[in-house]
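Student: Hey, dropping protein_11.pdb in here, PDB, C-alpha atoms, pLDDT in the B column:
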ATOM      1  CA  MET A 211      19.692 -19.674  13.773  1.00 84.00           C
ATOM      2  CA  ASP A 212      17.665 -17.805  16.408  1.00 96.00           C
ATOM      3  CA  ALA A 213      18.085 -18.032  20.182  1.00 97.00           C
ATOM      4  CA  THR A 214      15.305 -20.605  20.602  1.00 98.00           C
ATOM      5  CA  ALA A 215      16.896 -22.978  18.089  1.00 97.00           C
ATOM      6  CA  ILE A 216      20.384 -22.492  19.531  1.00 98.00           C
ATOM      7  CA  MET A 217      19.189 -23.184  23.080  1.00 98.00           C
ATOM      8  CA  LYS A 218      17.427 -26.353  21.982  1.00 97.00           C
ATOM      9  CA  LYS A 219      20.359 -27.614  19.887  1.00 97.00           C
ATOM     10  CA  TYR A 220      23.016 -26.993  22.531  1.00 97.00           C
ATOM     11  CA  ARG A 221      20.871 -27.926  25.541  1.00 98.00           C
ATOM     12  CA  ILE A 222      20.760 -24.490  27.156  1.00 98.00           C
ATOM     13  CA  GLY A 223      17.986 -24.178  29.738  1.00 98.00           C
ATOM     14  CA  VAL A 224      16.851 -21.576  32.259  1.00 98.00           C
ATOM     15  CA  VAL A 225      16.990 -21.848  36.057  1.00 98.00           C
ATOM     16  CA  ILE A 226      14.963 -19.428  38.191  1.00 98.00           C
ATOM     17  CA  ALA A 227      15.394 -19.502  41.968  1.00 97.00           C
ATOM     18  CA  THR A 228      12.480 -17.915  43.802  1.00 97.00           C
ATOM     19  CA  TYR A 229      11.450 -17.106  47.350  1.00 96.00           C
ATOM     20  CA  ASP A 230       8.076 -15.452  48.009  1.00 95.00           C
ATOM     21  CA  ASN A 231       7.831 -13.630  44.668  1.00 95.00           C
ATOM     22  CA  ALA A 232       4.273 -14.733  43.895  1.00 95.00           C
ATOM     23  CA  GLY A 233       3.481 -11.316  42.433  1.00 93.00           C
ATOM     24  CA  THR A 234       6.001 -11.662  39.612  1.00 95.00           C
ATOM     25  CA  ILE A 235       7.038 -15.303  39.149  1.00 97.00           C
ATOM     26  CA  ALA A 236       4.240 -16.341  36.755  1.00 97.00           C
ATOM     27  CA  ASN A 237       4.869 -13.345  34.505  1.00 97.00           C
ATOM     28  CA  VAL A 238       8.614 -14.035  34.433  1.00 97.00           C
ATOM     29  CA  VAL A 239       8.084 -17.701  33.516  1.00 98.00           C
ATOM     30  CA  ARG A 240       5.585 -16.859  30.751  1.00 97.00           C
ATOM     31  CA  ARG A 241       8.033 -14.395  29.207  1.00 98.00           C
ATOM     32  CA  VAL A 242      10.819 -16.971  29.316  1.00 98.00           C
ATOM     33  CA  GLU A 243       8.476 -19.515  27.693  1.00 97.00           C
ATOM     34  CA  ALA A 244       8.267 -17.243  24.651  1.00 97.00           C
ATOM     35  CA  ILE A 245      11.902 -18.185  24.020  1.00 98.00           C
ATOM     36  CA  THR A 246      12.309 -21.658  25.567  1.00 98.00           C
ATOM     37  CA  ARG A 247      10.210 -24.257  27.369  1.00 97.00           C
ATOM     38  CA  ASP A 248      13.294 -25.685  29.102  1.00 98.00           C
ATOM     39  CA  ILE A 249      12.755 -24.003  32.464  1.00 98.00           C
ATOM     40  CA  ILE A 250      13.455 -25.066  36.035  1.00 98.00           C
ATOM     41  CA  VAL A 251      11.985 -23.062  38.902  1.00 98.00           C
ATOM     42  CA  VAL A 252      13.441 -23.722  42.335  1.00 98.00           C
ATOM     43  CA  ASP A 253      10.887 -23.022  45.070  1.00 98.00           C
ATOM     44  CA  ASP A 254      13.299 -22.107  47.868  1.00 97.00           C
ATOM     45  CA  GLY A 255      10.904 -22.772  50.760  1.00 96.00           C
ATOM     46  CA  CYS A 256       8.272 -20.251  49.622  1.00 97.00           C
ATOM     47  CA  THR A 257       5.601 -19.399  52.180  1.00 96.00           C
ATOM     48  CA  ASP A 258       3.213 -17.733  49.696  1.00 95.00           C
ATOM     49  CA  ASN A 259       1.237 -19.287  46.802  1.00 96.00           C
ATOM     50  CA  THR A 260       4.201 -19.483  44.394  1.00 96.00           C
ATOM     51  CA  LEU A 261       3.945 -23.262  43.976  1.00 96.00           C
ATOM     52  CA  ALA A 262       0.228 -23.142  43.176  1.00 96.00           C
ATOM     53  CA  LEU A 263       0.777 -20.393  40.599  1.00 97.00           C
ATOM     54  CA  LEU A 264       3.499 -22.416  38.870  1.00 96.00           C
ATOM     55  CA  GLN A 265       1.356 -25.549  38.749  1.00 95.00           C
ATOM     56  CA  GLN A 266      -1.532 -23.569  37.194  1.00 95.00           C
ATOM     57  CA  LEU A 267       0.514 -22.339  34.236  1.00 95.00           C
ATOM     58  CA  ASP A 268      -0.530 -23.704  30.812  1.00 93.00           C
ATOM     59  CA  VAL A 269       2.900 -25.327  30.498  1.00 91.00           C
ATOM     60  CA  PRO A 270       4.274 -25.748  34.045  1.00 93.00           C
ATOM     61  CA  PRO A 271       8.084 -25.645  34.281  1.00 97.00           C
ATOM     62  CA  HIS A 272      10.175 -28.295  35.981  1.00 98.00           C
ATOM     63  CA  ILE A 273       9.805 -27.530  39.684  1.00 98.00           C
ATOM     64  CA  VAL A 274      12.242 -28.230  42.501  1.00 98.00           C
ATOM     65  CA  THR A 275      10.679 -27.536  45.884  1.00 97.00           C
ATOM     66  CA  TYR A 276      11.718 -27.990  49.502  1.00 97.00           C
ATOM     67  CA  LYS A 277      11.301 -26.407  52.923  1.00 95.00           C
ATOM     68  CA  PRO A 278      12.476 -24.443  54.795  1.00 96.00           C
ATOM     69  CA  ASN A 279      14.117 -21.580  52.910  1.00 95.00           C
ATOM     70  CA  ARG A 280      17.821 -22.332  52.420  1.00 94.00           C
ATOM     71  CA  GLY A 281      19.043 -19.292  50.482  1.00 92.00           C
ATOM     72  CA  LYS A 282      19.765 -18.382  46.864  1.00 92.00           C
ATOM     73  CA  GLY A 283      23.102 -20.171  46.678  1.00 92.00           C
ATOM     74  CA  HIS A 284      21.552 -23.454  47.789  1.00 94.00           C
ATOM     75  CA  ALA A 285      18.616 -22.944  45.408  1.00 96.00           C
ATOM     76  CA  LEU A 286      20.897 -22.368  42.419  1.00 95.00           C
ATOM     77  CA  VAL A 287      22.927 -25.487  43.173  1.00 94.00           C
ATOM     78  CA  GLN A 288      19.718 -27.551  43.367  1.00 96.00           C
ATOM     79  CA  GLY A 289      18.640 -26.049  40.039  1.00 97.00           C
ATOM     80  CA  PHE A 290      21.997 -26.887  38.459  1.00 97.00           C
ATOM     81  CA  LYS A 291      21.795 -30.478  39.698  1.00 96.00           C
ATOM     82  CA  LYS A 292      18.295 -30.835  38.240  1.00 98.00           C
ATOM     83  CA  ALA A 293      19.527 -29.369  34.947  1.00 98.00           C
ATOM     84  CA  MET A 294      22.314 -31.949  34.764  1.00 97.00           C
ATOM     85  CA  GLN A 295      19.790 -34.716  35.455  1.00 97.00           C
ATOM     86  CA  LEU A 296      17.770 -33.424  32.503  1.00 98.00           C
ATOM     87  CA  GLY A 297      20.863 -33.555  30.288  1.00 97.00           C
ATOM     88  CA  TRP A 298      21.368 -29.817  29.914  1.00 98.00           C
ATOM     89  CA  ASP A 299      24.906 -28.565  29.247  1.00 98.00           C
ATOM     90  CA  TYR A 300      24.346 -24.878  30.042  1.00 98.00           C
ATOM     91  CA  VAL A 301      21.933 -22.870  32.154  1.00 98.00           C
ATOM     92  CA  ILE A 302      20.893 -19.248  32.144  1.00 98.00           C
ATOM     93  CA  THR A 303      19.880 -17.876  35.534  1.00 98.00           C
ATOM     94  CA  LEU A 304      17.696 -14.846  36.127  1.00 96.00           C
ATOM     95  CA  ASP A 305      15.847 -13.425  39.112  1.00 95.00           C
ATOM     96  CA  SER A 306      12.169 -14.053  39.786  1.00 95.00           C
ATOM     97  CA  ASP A 307      11.333 -10.531  40.975  1.00 93.00           C
ATOM     98  CA  GLY A 308      10.960  -9.046  37.484  1.00 93.00           C
ATOM     99  CA  GLN A 309      14.227  -7.136  37.690  1.00 92.00           C
ATOM    100  CA  HIS A 310      15.658  -8.851  34.606  1.00 95.00           C
ATOM    101  CA  PHE A 311      14.122  -8.813  31.141  1.00 96.00           C
ATOM    102  CA  PRO A 312      13.650 -12.383  29.829  1.00 97.00           C
ATOM    103  CA  GLU A 313      13.560 -10.774  26.397  1.00 98.00           C
ATOM    104  CA  ASP A 314      17.337 -10.219  26.814  1.00 97.00           C
ATOM    105  CA  LEU A 315      18.019 -13.961  26.890  1.00 98.00           C
ATOM    106  CA  PRO A 316      19.036 -13.884  23.183  1.00 98.00           C
ATOM    107  CA  GLN A 317      21.801 -11.393  24.026  1.00 97.00           C
ATOM    108  CA  LEU A 318      23.438 -13.846  26.422  1.00 98.00           C
ATOM    109  CA  VAL A 319      23.000 -16.655  23.896  1.00 98.00           C
ATOM    110  CA  ALA A 320      24.564 -14.544  21.128  1.00 98.00           C
ATOM    111  CA  ALA A 321      27.581 -13.817  23.342  1.00 98.00           C
ATOM    112  CA  TRP A 322      27.880 -17.520  24.140  1.00 98.00           C
ATOM    113  CA  THR A 323      28.058 -18.410  20.439  1.00 97.00           C
ATOM    114  CA  GLN A 324      31.205 -16.263  20.250  1.00 97.00           C
ATOM    115  CA  HIS A 325      32.668 -17.513  23.560  1.00 97.00           C
ATOM    116  CA  LYS A 326      31.859 -21.205  23.958  1.00 91.00           C
ATOM    117  CA  ASP A 327      32.230 -22.520  27.514  1.00 91.00           C
ATOM    118  CA  ALA A 328      32.578 -19.003  28.919  1.00 97.00           C
ATOM    119  CA  LEU A 329      30.539 -17.701  31.830  1.00 98.00           C
ATOM    120  CA  ILE A 330      28.398 -14.905  30.388  1.00 98.00           C
ATOM    121  CA  VAL A 331      27.277 -12.216  32.848  1.00 98.00           C
ATOM    122  CA  GLY A 332      24.485  -9.724  32.203  1.00 97.00           C
ATOM    123  CA  GLU A 333      25.914  -6.329  33.109  1.00 95.00           C
ATOM    124  CA  ARG A 334      23.206  -4.018  34.455  1.00 88.00           C
ATOM    125  CA  GLY A 335      25.192  -0.794  34.751  1.00 71.00           C
ATOM    126  CA  THR A 336      24.348   1.950  37.252  1.00 62.00           C
ATOM    127  CA  GLY A 337      22.148   5.023  37.412  1.00 54.00           C
ATOM    128  CA  HIS A 338      18.895   3.215  36.621  1.00 54.00           C
ATOM    129  CA  LEU A 339      15.591   4.702  37.718  1.00 50.00           C
ATOM    130  CA  ASN A 340      14.685   3.627  41.271  1.00 52.00           C
ATOM    131  CA  MET A 341      17.960   1.690  41.718  1.00 59.00           C
ATOM    132  CA  PRO A 342      18.513   1.402  45.498  1.00 60.00           C
ATOM    133  CA  ARG A 343      21.611   3.234  46.662  1.00 58.00           C
ATOM    134  CA  GLY A 344      22.648   0.243  48.742  1.00 56.00           C
ATOM    135  CA  ASN A 345      22.791  -1.926  45.614  1.00 62.00           C
ATOM    136  CA  THR A 346      25.225   0.474  43.946  1.00 68.00           C
ATOM    137  CA  MET A 347      27.522   0.623  46.956  1.00 72.00           C
ATOM    138  CA  ALA A 348      27.461  -3.139  47.510  1.00 74.00           C
ATOM    139  CA  ASN A 349      28.234  -3.773  43.845  1.00 79.00           C
ATOM    140  CA  LYS A 350      31.217  -1.388  43.841  1.00 85.00           C
ATOM    141  CA  PHE A 351      32.518  -3.053  47.004  1.00 84.00           C
ATOM    142  CA  SER A 352      32.114  -6.473  45.419  1.00 87.00           C
ATOM    143  CA  ASN A 353      33.717  -5.380  42.130  1.00 92.00           C
ATOM    144  CA  PHE A 354      36.813  -4.082  43.922  1.00 92.00           C
ATOM    145  CA  TRP A 355      37.450  -7.283  45.859  1.00 92.00           C
ATOM    146  CA  PHE A 356      36.730  -9.441  42.815  1.00 95.00           C
ATOM    147  CA  THR A 357      39.535  -7.651  40.974  1.00 95.00           C
ATOM    148  CA  VAL A 358      41.885  -8.127  43.935  1.00 95.00           C
ATOM    149  CA  GLN A 359      41.073 -11.843  44.090  1.00 95.00           C
ATOM    150  CA  THR A 360      41.193 -12.598  40.363  1.00 96.00           C
ATOM    151  CA  GLY A 361      42.989  -9.800  38.510  1.00 94.00           C
ATOM    152  CA  ILE A 362      39.857  -9.376  36.354  1.00 95.00           C
ATOM    153  CA  GLN A 363      37.799  -6.184  36.166  1.00 94.00           C
ATOM    154  CA  LEU A 364      34.015  -6.459  35.952  1.00 95.00           C
ATOM    155  CA  ASN A 365      31.425  -3.706  36.329  1.00 93.00           C
ATOM    156  CA  ASP A 366      28.714  -5.954  37.784  1.00 93.00           C
ATOM    157  CA  THR A 367      29.770  -8.891  39.943  1.00 93.00           C
ATOM    158  CA  GLN A 368      26.380  -9.181  41.665  1.00 89.00           C
ATOM    159  CA  THR A 369      24.165  -9.698  38.651  1.00 93.00           C
ATOM    160  CA  GLY A 370      22.024 -12.812  38.783  1.00 94.00           C
ATOM    161  CA  PHE A 371      21.473 -12.844  34.995  1.00 98.00           C
ATOM    162  CA  ARG A 372      24.154 -15.266  33.795  1.00 98.00           C
ATOM    163  CA  LEU A 373      24.879 -18.170  31.467  1.00 98.00           C
ATOM    164  CA  TYR A 374      26.851 -20.962  33.168  1.00 98.00           C
ATOM    165  CA  PRO A 375      28.737 -23.843  31.482  1.00 97.00           C
ATOM    166  CA  LEU A 376      27.524 -26.653  33.737  1.00 96.00           C
ATOM    167  CA  LYS A 377      30.244 -29.185  32.973  1.00 92.00           C
ATOM    168  CA  ARG A 378      32.921 -26.786  34.155  1.00 93.00           C
ATOM    169  CA  LEU A 379      31.340 -26.050  37.537  1.00 90.00           C
ATOM    170  CA  ARG A 380      33.241 -28.599  39.600  1.00 83.00           C
ATOM    171  CA  TRP A 381      33.080 -26.699  42.889  1.00 77.00           C
ATOM    172  CA  LEU A 382      29.321 -26.596  43.493  1.00 78.00           C
ATOM    173  CA  GLY A 383      29.587 -28.728  46.616  1.00 72.00           C
ATOM    174  CA  ILE A 384      31.598 -26.071  48.457  1.00 71.00           C
ATOM    175  CA  THR A 385      29.680 -22.917  47.555  1.00 73.00           C
ATOM    176  CA  THR A 386      27.987 -20.917  50.290  1.00 79.00           C
ATOM    177  CA  SER A 387      24.219 -21.180  50.542  1.00 76.00           C
ATOM    178  CA  ARG A 388      22.939 -17.630  50.420  1.00 81.00           C
ATOM    179  CA  TYR A 389      23.140 -14.330  48.555  1.00 76.00           C
ATOM    180  CA  GLU A 390      26.941 -14.189  48.437  1.00 83.00           C
ATOM    181  CA  ALA A 391      27.204 -17.485  46.514  1.00 88.00           C
ATOM    182  CA  GLU A 392      26.949 -15.739  43.142  1.00 90.00           C
ATOM    183  CA  LEU A 393      30.104 -13.733  43.868  1.00 89.00           C
ATOM    184  CA  GLU A 394      31.813 -16.911  45.031  1.00 91.00           C
ATOM    185  CA  MET A 395      30.892 -18.699  41.781  1.00 93.00           C
ATOM    186  CA  LEU A 396      32.438 -15.883  39.750  1.00 94.00           C
ATOM    187  CA  VAL A 397      35.692 -16.032  41.716  1.00 94.00           C
ATOM    188  CA  PHE A 398      35.921 -19.822  41.456  1.00 93.00           C
ATOM    189  CA  ALA A 399      35.235 -19.619  37.714  1.00 95.00           C
ATOM    190  CA  ALA A 400      38.087 -17.140  37.269  1.00 95.00           C
ATOM    191  CA  TRP A 401      40.456 -19.286  39.355  1.00 93.00           C
ATOM    192  CA  HIS A 402      39.640 -22.305  37.180  1.00 92.00           C
ATOM    193  CA  GLY A 403      40.406 -20.473  33.963  1.00 92.00           C
ATOM    194  CA  ILE A 404      36.825 -20.009  32.781  1.00 95.00           C
ATOM    195  CA  GLU A 405      36.494 -16.934  30.567  1.00 96.00           C
ATOM    196  CA  ILE A 406      34.054 -14.366  31.971  1.00 97.00           C
ATOM    197  CA  VAL A 407      32.280 -12.264  29.354  1.00 98.00           C
ATOM    198  CA  PRO A 408      30.046  -9.284  30.290  1.00 97.00           C
ATOM    199  CA  VAL A 409      27.025  -8.392  28.140  1.00 97.00           C
ATOM    200  CA  LYS A 410      24.894  -5.275  28.559  1.00 96.00           C
ATOM    201  CA  VAL A 411      21.327  -6.052  29.655  1.00 96.00           C
ATOM    202  CA  ARG A 412      18.343  -4.032  30.785  1.00 94.00           C
ATOM    203  CA  VAL A 413      17.085  -3.920  34.351  1.00 92.00           C
ATOM    204  CA  TYR A 414      13.895  -2.742  36.016  1.00 89.00           C
ATOM    205  CA  TYR A 415      13.645  -1.499  39.603  1.00 83.00           C
ATOM    206  CA  PRO A 416      10.065  -0.929  40.818  1.00 77.00           C
ATOM    207  CA  PRO A 417       9.360   2.239  42.831  1.00 72.00           C
ATOM    208  CA  GLN A 418      10.170   2.065  46.515  1.00 63.00           C
ATOM    209  CA  GLY A 419       7.455   0.189  48.364  1.00 61.00           C
ATOM    210  CA  GLU A 420       6.580  -2.039  45.401  1.00 57.00           C
ATOM    211  CA  ARG A 421       9.745  -4.063  45.067  1.00 59.00           C
ATOM    212  CA  VAL A 422       9.978  -7.351  46.976  1.00 60.00           C
ATOM    213  CA  THR A 423      13.561  -7.934  48.070  1.00 60.00           C
ATOM    214  CA  HIS A 424      15.107 -10.374  50.506  1.00 57.00           C
ATOM    215  CA  PHE A 425      18.455  -8.593  50.633  1.00 59.00           C
ATOM    216  CA  ARG A 426      19.280  -7.813  54.268  1.00 60.00           C
ATOM    217  CA  PRO A 427      21.908  -5.054  54.159  1.00 59.00           C
ATOM    218  CA  TRP A 428      23.685  -5.680  57.455  1.00 57.00           C
ATOM    219  CA  ALA A 429      23.522  -9.470  57.550  1.00 65.00           C
ATOM    220  CA  ASP A 430      24.280  -9.977  53.850  1.00 66.00           C
ATOM    221  CA  PHE A 431      27.004  -7.332  53.801  1.00 70.00           C
ATOM    222  CA  GLY A 432      28.570  -8.993  56.826  1.00 74.00           C
ATOM    223  CA  ARG A 433      28.585 -12.401  55.164  1.00 76.00           C
ATOM    224  CA  ILE A 434      30.015 -10.926  51.962  1.00 79.00           C
ATOM    225  CA  SER A 435      32.781  -9.281  53.987  1.00 82.00           C
ATOM    226  CA  LEU A 436      33.670 -12.575  55.683  1.00 86.00           C
ATOM    227  CA  LEU A 437      33.561 -14.352  52.338  1.00 86.00           C
ATOM    228  CA  ASN A 438      35.946 -11.797  50.839  1.00 88.00           C
ATOM    229  CA  VAL A 439      38.429 -12.399  53.658  1.00 89.00           C
ATOM    230  CA  ALA A 440      38.329 -16.129  52.898  1.00 91.00           C
ATOM    231  CA  LEU A 441      38.581 -15.552  49.140  1.00 92.00           C
ATOM    232  CA  CYS A 442      41.582 -13.244  49.543  1.00 94.00           C
ATOM    233  CA  PHE A 443      43.334 -16.018  51.455  1.00 93.00           C
ATOM    234  CA  GLY A 444      42.302 -18.477  48.755  1.00 93.00           C
ATOM    235  CA  ALA A 445      43.634 -16.138  46.079  1.00 95.00           C
ATOM    236  CA  VAL A 446      47.072 -16.093  47.714  1.00 94.00           C
ATOM    237  CA  VAL A 447      47.384 -19.860  48.151  1.00 93.00           C
ATOM    238  CA  TYR A 448      45.483 -21.025  45.044  1.00 92.00           C
ATOM    239  CA  GLY A 449      43.953 -18.414  42.720  1.00 92.00           C
ATOM    240  CA  TRP A 450      47.003 -16.338  41.875  1.00 92.00           C
ATOM    241  CA  PRO A 451      49.405 -19.333  41.590  1.00 94.00           C
ATOM    242  CA  MET A 452      46.952 -21.055  39.219  1.00 90.00           C
ATOM    243  CA  ARG A 453      46.653 -17.892  37.129  1.00 86.00           C
ATOM    244  CA  LEU A 454      50.445 -17.647  36.895  1.00 87.00           C
ATOM    245  CA  TYR A 455      50.718 -21.340  36.032  1.00 86.00           C
ATOM    246  CA  ARG A 456      48.250 -20.980  33.142  1.00 87.00           C
ATOM    247  CA  LYS A 457      50.097 -17.949  31.789  1.00 83.00           C
ATOM    248  CA  ILE A 458      53.406 -19.825  31.793  1.00 88.00           C
ATOM    249  CA  LYS A 459      51.794 -22.956  30.319  1.00 82.00           C
ATOM    250  CA  ASN A 460      50.179 -21.019  27.455  1.00 80.00           C
ATOM    251  CA  ARG A 461      53.338 -19.208  26.366  1.00 75.00           C
TER     252      ARG A 461
END
Any chance you could give the structure as structure tokens?
Tutor:
Amino acid sequence: MDATAIMKKYRIGVVIATYDNAGTIANVVRRVEAITRDIIVVDDGCTDNTLALLQQLDVPPHIVTYKPNRGKGHALVQGFKKAMQLGWDYVITLDSDGQHFPEDLPQLVAAWTQHKDALIVGERGTGHLNMPRGNTMANKFSNFWFTVQTGIQLNDTQTGFRLYPLKRLRWLGITTSRYEAELEMLVFAAWHGIEIVPVKVRVYYPPQGERVTHFRPWADFGRISLLNVALCFGAVVYGWPMRLYRKIKNR
């Protein structure tokens, strides 16, 4: 059974959160459509012509739109809620800026078939052409604190290319609203005993000056730092005790 058939049978859809990526969003959606038509695009308060481009597609995706911009974390939660309304059990998320290859969707699906109800993360690796230095440093920083908070080692805790088991995401109402939410979701998944499985995927970074990014190094790094302080406290009072409890229970 190929990826398209598996996604249809097991109600696996795709959620794409976007903010002012009019130059790439239509191409990303068309490439996803080659694999599945179950697509939700969350227009996170776009100020460009993203919405018009989506509505002009031959097969427009499900669209969630609102204003003003609320941040990626908020957009993903709105996409997940829409997916549950549509009866989907799993969602694959990927970025709208063309960084991820929709053609790698089958790799995440294949990993899911071997690890049902796991959270599958697309591991990008390092050393890619045109990869911003700040991304590498931020990812290493994030990886270190993720290990401290969960006891799990991952090489890419900031990837947005993931497969989520929707029915196991019980904490969506308390996630932060912006860039750091994806790290928070990983930590909460680990604390709740959800298996996290990395899968190698490709990544494309346009040359400097061509890439549209909304990552604000100082502001976002500051929020991530504050979040890590809170998560370390949470690990002491909840995450680590729960991990120990599960180990004892499963003996």
Student: Which residues would end up in the selection if the PyMOL selection byres ((chain A and resi 272) around 9) were applied here, given that I need the answer as a PyMOL selection string?
Tutor: chain A and resi 248-252+270-271+273-274+292
Student: Which residues, written as a VMD selection string, have at least one atom at most 10 Å from Val411 of chain A, with all atoms listed in the file counted and residues fewer than 4 positions away on the same chain left out?
Tutor: chain A and resid 310 to 315 317 to 318 331 to 335 371
Student: Restricting it to C-alpha atoms, dump the selection as a PDB file, in the coordinates of the input.
Tutor:
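The file below, again-v8.pdb, is the result:
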ATOM      1  CA  HIS A 310      15.658  -8.851  34.606  1.00 95.00           C
ATOM      2  CA  PHE A 311      14.122  -8.813  31.141  1.00 96.00           C
ATOM      3  CA  PRO A 312      13.650 -12.383  29.829  1.00 97.00           C
ATOM      4  CA  GLU A 313      13.560 -10.774  26.397  1.00 98.00           C
ATOM      5  CA  ASP A 314      17.337 -10.219  26.814  1.00 97.00           C
ATOM      6  CA  LEU A 315      18.019 -13.961  26.890  1.00 98.00           C
ATOM      7  CA  GLN A 317      21.801 -11.393  24.026  1.00 97.00           C
ATOM      8  CA  LEU A 318      23.438 -13.846  26.422  1.00 98.00           C
ATOM      9  CA  VAL A 331      27.277 -12.216  32.848  1.00 98.00           C
ATOM     10  CA  GLY A 332      24.485  -9.724  32.203  1.00 97.00           C
ATOM     11  CA  GLU A 333      25.914  -6.329  33.109  1.00 95.00           C
ATOM     12  CA  ARG A 334      23.206  -4.018  34.455  1.00 88.00           C
ATOM     13  CA  GLY A 335      25.192  -0.794  34.751  1.00 71.00           C
ATOM     14  CA  PHE A 371      21.473 -12.844  34.995  1.00 98.00           C
TER      15      PHE A 371
END
Student: Once the PyMOL selection byres ((chain A and resi 364-366) around 12) has been evaluated on this model, what residues remain selected, and can you format them as a short mmCIF file (atom, residue, chain, number, x, y, z; two decimals) with C-alpha atoms, in the coordinates of the input?
Tutor:
data_model
loop_
_atom_site.label_atom_id
_atom_site.label_comp_id
_atom_site.auth_asym_id
_atom_site.auth_seq_id
_atom_site.Cartn_x
_atom_site.Cartn_y
_atom_site.Cartn_z
CA ILE A 330 28.40 -14.90 30.39
CA VAL A 331 27.28 -12.22 32.85
CA GLY A 332 24.48 -9.72 32.20
CA GLU A 333 25.91 -6.33 33.11
CA ARG A 334 23.21 -4.02 34.46
CA GLY A 335 25.19 -0.79 34.75
CA THR A 336 24.35 1.95 37.25
CA ASN A 345 22.79 -1.93 45.61
CA THR A 346 25.22 0.47 43.95
CA MET A 347 27.52 0.62 46.96
CA ALA A 348 27.46 -3.14 47.51
CA ASN A 349 28.23 -3.77 43.84
CA LYS A 350 31.22 -1.39 43.84
CA PHE A 351 32.52 -3.05 47.00
CA SER A 352 32.11 -6.47 45.42
CA ASN A 353 33.72 -5.38 42.13
CA PHE A 354 36.81 -4.08 43.92
CA TRP A 355 37.45 -7.28 45.86
CA PHE A 356 36.73 -9.44 42.82
CA THR A 357 39.53 -7.65 40.97
CA VAL A 358 41.88 -8.13 43.94
CA THR A 360 41.19 -12.60 40.36
CA GLY A 361 42.99 -9.80 38.51
CA ILE A 362 39.86 -9.38 36.35
CA GLN A 363 37.80 -6.18 36.17
CA THR A 367 29.77 -8.89 39.94
CA GLN A 368 26.38 -9.18 41.66
CA THR A 369 24.16 -9.70 38.65
CA GLY A 370 22.02 -12.81 38.78
CA PHE A 371 21.47 -12.84 34.99
CA ARG A 372 24.15 -15.27 33.80
CA GLU A 392 26.95 -15.74 43.14
CA LEU A 393 30.10 -13.73 43.87
CA LEU A 396 32.44 -15.88 39.75
CA VAL A 397 35.69 -16.03 41.72
CA ALA A 400 38.09 -17.14 37.27
CA ILE A 406 34.05 -14.37 31.97
CA VAL A 407 32.28 -12.26 29.35
CA PRO A 408 30.05 -9.28 30.29
CA VAL A 409 27.02 -8.39 28.14
CA LYS A 410 24.89 -5.28 28.56
CA VAL A 411 21.33 -6.05 29.66
#
Student: Might you spell out which residues the PyMOL selection byres ((chain A and resi 305) around 8) would select in the displayed file, as a list in words?
Tutor: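 When the PyMOL selection byres ((chain A and resi 305) around 8) is applied to the shown file, the picked residues are Ile226, Ala227, Thr228, Thr303, Leu304, Ser306, Asp307, Gly308, Gln309, His310, Gly370 and Phe371 of chain A.
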Student: Quick one: of A:Leu263, A:Ile222, A:Ile216, A:Val447, who's nearest to Val238 of chain A, counting only C-alpha atoms?
Tutor: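 Among A:Leu263, A:Ile222, A:Ile216, A:Val447, it is A:Leu263 that comes nearest to Val238 of chain A.
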Student: Using all atoms listed in the file, can you tell me which of A:Arg461, A:Ile302, A:Glu394, A:Met294 comes closest to Ala440 of chain A?
Tutor: A:Glu394
Student: For atom CA of Gln295 of chain A and atom CA of Tyr374 of chain A, quote the distance in Å rounded to one decimal.
Tutor: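 A separation of 15.6 Å between them.
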Student: A:Gly432, A:Pro417, A:Gly449, A:Gly383: which is nearest Gly403 of chain A, counting only C-alpha atoms?
Tutor: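 Counting only C-alpha atoms, the residue closest to Gly403 of chain A is A:Gly449.
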